[in-house]
Amino acid sequence: MEAKQSKPYKDKPILRSEDSRFLSGKGRYLADLSFPDAYHVAFVRSSEAHAQIVEISTEAARLPGVIGVYSGTDLEPSLGQVPMVWPIEGLQNPGHPLLATEKVRFPGEPIAMVIADSEKTARLAAKRVQVSYRPLPAVASLLQAISDQGKEVQVHPGIDDNIAFRWEREYGDRQAIESADASFSQRLIVPRVAPLPLEPRGVVARYDREDDFLHVWSSTQFPHVLRLSLAAVLPHPESRIAVTSPDVGGAFGGKMNVYREELLVAYFAKRLGITLRYQETRTENFMAMTHGRDQIQDVRVYHTRRGRLLGLDVTLHANMGAYLQAATPGMPLFTAQMLSGCYRIPYIKVRVQGYYTNQAYTDAYRGAGRPEAVYLVERIVDMVARKCGKDPLAVRLRNFISKKEFPYQVVTGLRYDSGDYRQALKTAVQKSRLKHWRDVQRARRGRGDRHQIGIGISSYVEFCGNSPSPHHAALGLMTGGFDTAVIRVHPTGAVTVISGSCPSGQGHHTVWSMLVERTLGVSREHVMVVTGTTVHAPWGGGTFGSRSAAVAGSAIYQACERLIAKGRRYLAHLWQQDGSQISFSGGSYHCGIHKISLMEVAQRLYLAHDLPAGMEPGLEATVFYEPTSYTYPSGTHICIVEVDTDTGQPTILQYTAVDDCGRVLHEQIAAGQIVGGIVQGIGAALYEQIVQDEQTGQLITDSFRSYHLPKAADVPPISTEHVSTPTPVNPLGVKGVGESGTIAAHPAVINAIVDALSNYGVEHVDIPASPEKLWQLCQTGREQR
């Protein structure tokens, strides 16, 4: 059943209301909050990737101002472990202790915790804690993990070959591939990367003994989930815990977890009856925040000579890291679900194997499993085109799901809501001036130019917005898909919006106030938005997966509709009219000669002098909105790359993005989300990779000196355009836009680079496509020619 659709919105050219204080340095991030009575926390972290802990000596750390040094043996037995919410079928979960005791399993794992009266003293004392190790062989990469050498190392006792789980599904009819004219195999490597938000993690915990109340401030993406976890792990009554998320300086999935540090700071704040504060350093962020991606994809492709895709046989090797965070096992399952991409592929077989390694845990990072899927699909589409001697555009068009087929159920079982993939591709071709660039490419190839041009196309679809809670249950995911909103119209007509969402730079306050303005007719200046706190919102599922507008926004819209409906019921009684004859627009109710503003209705409802029987006073609504399905943003991105074949240096000359995120609520915010995502995708395609020394297991990329993020000079001109097919599954028609750029960018960039070097015999380049790697491919190509 389709959801009722709201009226289309015409965006107003307004700035984000948050920006005035952010740009003037008046943001209230965790480090800006003042707690004069707070003691400071520093952690002693493992210098080894894998080792037995022989001894921990704390004597040298007991400096003046240090009030305690605590190791794992000091923790109460009743204290729980780091929670994990995705116990998929066959999973071997070794547990996730708060502090390492007998053994360390990745560089940076916390071993001890120091509490002192200043941050400087705490960090100095932590450096003086002496830990004696007996080093053990380490599995320092996914490539090592799947090798015979890696299987000789046991990361956790009782888990053979370090296999966390095996998961296999076969979709469609295998007979579909029997008519294939050809098949080929390809290994694709999607390396480990770091989310690296501008603001590292931090947490403050204050305990009030008299009220037995624990208040926690954390730079988290989901304060309600953190509160629930604290109640379970400490344990402590959930009703006596408040979690507040102040301004959050970026998150990208890295703050979508409950971490050891948060749990330990809260635990010791309660145990000692004091206020404790911890602020992560950038080096710790590299070590101890979740990492993303890290898959090896072995795929066999079946196709016809005309480029029709008939089937995929895929083995996904996925790196879990040393322990499981909240949703670690589920990331490769997201990849498996999206292997059909934008295409009618009749048969897909997929095997997923998760591995434990001596590395930090992986979990969601912007796109969460879908960038890996789109990378696989879009790379093999280009490979099929090249093997068949076809234009990559033609192969995509031949295999696209057509607009008239929506809603369309792909072979993996997902039911795509809406889309117009052909129109997005056509618009991208026109906007990118593709014919011009092909002319330039032919000319340079013809004269053997040192600087070769490549054209990369990426047509993507992803799922967003969260699925219904029963679908979570079917996946084994122990969370709900809903979110909440409370809308309160005050007697003066001012409005308070309390949302379960928790922004980390997305502009929620602007969009939520605009949504109320458009629905209730109340000026944005009279709308106050409250987010990021468990004190007011009844529940918040978290801000991730581009779910905010589709789920939290729909909750706000439905709450507004309930308020309007209550006012209509009241006026039907007051005016002695049929309620269906009373309309609402522009902030007022209308019926014949009658007209009254929402503000006047609110005043009357708070006076409560003439209410109909059974109607409660006041004007307030609470909504728990449960999505009916995923939403499916889509689009086509085209990247133009120039490669210097003498040095291997790639330069992106132009990037064009055409996206379908359904109905657009705010054009500028949508464009900003897309561009920001594209830059992160470019970074992963060209520069970024977490690397550990395969001999010692030491983390090599532990700072911005060794981990290359794209700089302003690396970012090409990016143009954006929208094709809109509003989704029927939520009342706003929105699909989500926060991850689209990242998801589309990897294959667009790599397809362009491979195209540029195709006359050197290059068929594939693994990411990151560094100049050294490309130079070597050019040298090999010259030698073979």
# chains A, B, ... in the order shown; residues from 1 in each chain; ligands from 1
>>> residues_around(residues="Gln695 of chain A", least_positions_apart="5", cutoff="12 Å", atoms="only C-alpha atoms", output="ChimeraX atom specification")
/A:48-50,135-141,144,149-150,358,700
>>> residues_around(residues="Ala713 of chain A", least_positions_apart="3", cutoff="12 Å", atoms="only C-alpha atoms", output="JSON, numbers by chain")
{"A": [651, 652, 653, 679, 709, 710, 716, 717]}
>>> write_last_selection(atoms="C-alpha atoms", output="PDB file, in the first residue's frame")
ATOM      1  CA  THR A 651      44.248  14.296 -12.425  1.00  0.00           C
ATOM      2  CA  ILE A 652      40.478  14.539 -12.368  1.00  0.00           C
ATOM      3  CA  LEU A 653      39.511  17.207 -14.883  1.00  0.00           C
ATOM      4  CA  VAL A 679      35.251  13.898  -2.273  1.00  0.00           C
ATOM      5  CA  LEU A 709      43.261  12.611   2.472  1.00  0.00           C
ATOM      6  CA  PRO A 710      42.221  14.633  -0.579  1.00  0.00           C
ATOM      7  CA  PRO A 716      37.993  18.719  -9.267  1.00  0.00           C
ATOM      8  CA  PRO A 717      35.157  20.888 -10.531  1.00  0.00           C
TER       9      PRO A 717
END
>>> select_by_dssp(residues="segment 269-308 of chain A", states="strand (DSSP E or B)", output="ChimeraX atom specification")
/A:275-279,291-303
>>> residues_around(residues="Met338 of chain A", least_positions_apart="4", cutoff="10 Å", atoms="only C-alpha atoms", output="PyMOL selection string")
chain A and resi 333-334+342+369-374+377+410-414+460-463
>>> closest_atom_pairs(of="segment 420-525 of chain A", to="segment 579-601 of chain A", cutoff="7 Å", atoms="only C-alpha atoms", output="CSV")
residue,atom,partner,partner_atom,distance
A:Thr492,CA,A:Met599,CA,6.4
A:Gly493,CA,A:Met599,CA,4.3
A:Leu520,CA,A:Gly587,CA,5.3
A:Gly521,CA,A:Gly587,CA,3.8
A:Val522,CA,A:Gly587,CA,6.2
>>> closest_atom_pairs(of="segment 580-689 of chain A", to="segment 443-458 of chain A", cutoff="8 Å", atoms="only C-alpha atoms", output="CSV")
residue,atom,partner,partner_atom,distance
A:Thr636,CA,A:Ser458,CA,5.5
A:His637,CA,A:Ser458,CA,5.2
A:Ile638,CA,A:Ile457,CA,4.7
A:Cys639,CA,A:Gly456,CA,5.0
A:Ile640,CA,A:Ile455,CA,4.9
A:Val641,CA,A:Gly454,CA,5.1
A:Glu642,CA,A:Ile453,CA,4.6
A:Val643,CA,A:Gln452,CA,5.3
A:Asp644,CA,A:His451,CA,4.6
A:Thr645,CA,A:Arg450,CA,5.6
A:Asp646,CA,A:Arg450,CA,6.6
>>> select_by_dssp(residues="segment 396-451 of chain A", states="alpha helix (DSSP H)", output="ChimeraX atom specification")
/A:396-399,421-431,434-446
>>> decode(residues="segment 230-244 of chain A", atoms="all heavy atoms", output="compact mmCIF listing (two decimals), in the first residue's frame")
# COMPACT_ATOMS: atom_id res chain seq x y z
N LEU A 230 24.56 1.55 27.93
CA LEU A 230 25.08 1.84 29.28
C LEU A 230 24.25 1.13 30.33
O LEU A 230 24.79 0.57 31.30
CB LEU A 230 25.06 3.35 29.53
CG LEU A 230 26.09 4.18 28.75
CD1 LEU A 230 25.76 5.66 28.86
CD2 LEU A 230 27.51 3.91 29.27
N ALA A 231 22.93 1.14 30.16
CA ALA A 231 22.05 0.47 31.12
C ALA A 231 22.34 -1.02 31.18
O ALA A 231 22.31 -1.64 32.26
CB ALA A 231 20.59 0.71 30.75
N ALA A 232 22.64 -1.62 30.03
CA ALA A 232 22.88 -3.06 29.98
C ALA A 232 24.27 -3.45 30.47
O ALA A 232 24.44 -4.46 31.15
CB ALA A 232 22.67 -3.56 28.56
N VAL A 233 25.27 -2.64 30.13
CA VAL A 233 26.65 -3.02 30.41
C VAL A 233 27.07 -2.69 31.83
O VAL A 233 27.80 -3.45 32.47
CB VAL A 233 27.60 -2.35 29.38
CG1 VAL A 233 29.06 -2.59 29.74
CG2 VAL A 233 27.31 -2.86 27.97
N LEU A 234 26.63 -1.56 32.38
CA LEU A 234 27.18 -1.13 33.68
C LEU A 234 26.87 -2.07 34.84
O LEU A 234 27.80 -2.34 35.62
CB LEU A 234 26.74 0.30 33.99
CG LEU A 234 27.32 1.38 33.05
CD1 LEU A 234 26.96 2.76 33.52
CD2 LEU A 234 28.83 1.24 32.90
N PRO A 235 25.73 -2.58 35.12
CA PRO A 235 24.39 -2.16 34.67
C PRO A 235 23.90 -0.99 35.54
O PRO A 235 24.36 -0.79 36.65
CB PRO A 235 23.55 -3.40 34.90
CG PRO A 235 24.20 -4.08 36.06
CD PRO A 235 25.68 -3.77 35.99
N HIS A 236 22.90 -0.26 35.00
CA HIS A 236 22.34 0.89 35.69
C HIS A 236 20.95 1.12 35.11
O HIS A 236 20.74 0.92 33.91
CB HIS A 236 23.22 2.12 35.46
CG HIS A 236 22.87 3.31 36.30
ND1 HIS A 236 23.29 3.46 37.59
CD2 HIS A 236 22.11 4.40 36.02
CE1 HIS A 236 22.83 4.60 38.08
NE2 HIS A 236 22.10 5.18 37.14
N PRO A 237 19.95 1.54 35.93
CA PRO A 237 18.60 1.73 35.40
C PRO A 237 18.59 2.74 34.25
O PRO A 237 19.10 3.85 34.37
CB PRO A 237 17.82 2.26 36.61
CG PRO A 237 18.58 1.79 37.80
CD PRO A 237 20.02 1.79 37.39
N GLU A 238 17.98 2.34 33.14
CA GLU A 238 17.93 3.23 31.97
C GLU A 238 17.21 4.53 32.28
O GLU A 238 17.55 5.58 31.74
CB GLU A 238 17.26 2.51 30.80
CG GLU A 238 17.33 3.27 29.50
CD GLU A 238 16.71 2.52 28.34
OE1 GLU A 238 16.16 1.42 28.56
OE2 GLU A 238 16.76 3.04 27.21
N SER A 239 16.23 4.46 33.16
CA SER A 239 15.46 5.67 33.52
C SER A 239 16.31 6.67 34.28
O SER A 239 15.91 7.83 34.42
CB SER A 239 14.24 5.28 34.35
OG SER A 239 14.65 4.62 35.54
N ARG A 240 17.46 6.25 34.77
CA ARG A 240 18.36 7.14 35.51
C ARG A 240 19.64 7.43 34.74
O ARG A 240 20.70 7.64 35.33
CB ARG A 240 18.67 6.55 36.89
CG ARG A 240 17.44 6.45 37.79
CD ARG A 240 17.79 5.96 39.18
NE ARG A 240 16.63 5.94 40.04
CZ ARG A 240 16.15 6.99 40.71
NH1 ARG A 240 16.77 8.15 40.61
NH2 ARG A 240 15.07 6.90 41.46
N ILE A 241 19.53 7.39 33.43
CA ILE A 241 20.65 7.76 32.55
C ILE A 241 20.14 8.78 31.53
O ILE A 241 19.07 8.60 30.95
CB ILE A 241 21.21 6.54 31.78
CG1 ILE A 241 21.68 5.45 32.75
CG2 ILE A 241 22.37 6.97 30.87
CD1 ILE A 241 22.12 4.18 32.06
N ALA A 242 20.88 9.83 31.35
CA ALA A 242 20.60 10.80 30.29
C ALA A 242 21.84 10.92 29.42
O ALA A 242 22.96 11.04 29.94
CB ALA A 242 20.24 12.16 30.88
N VAL A 243 21.65 10.85 28.12
CA VAL A 243 22.76 11.00 27.18
C VAL A 243 22.47 12.21 26.29
O VAL A 243 21.37 12.33 25.73
CB VAL A 243 22.96 9.75 26.31
CG1 VAL A 243 24.05 9.99 25.26
CG2 VAL A 243 23.33 8.56 27.19
N THR A 244 23.45 13.07 26.19
CA THR A 244 23.33 14.26 25.35
C THR A 244 24.45 14.25 24.32
O THR A 244 25.61 14.03 24.66
CB THR A 244 23.43 15.55 26.19
OG1 THR A 244 22.36 15.56 27.13
CG2 THR A 244 23.36 16.79 25.31
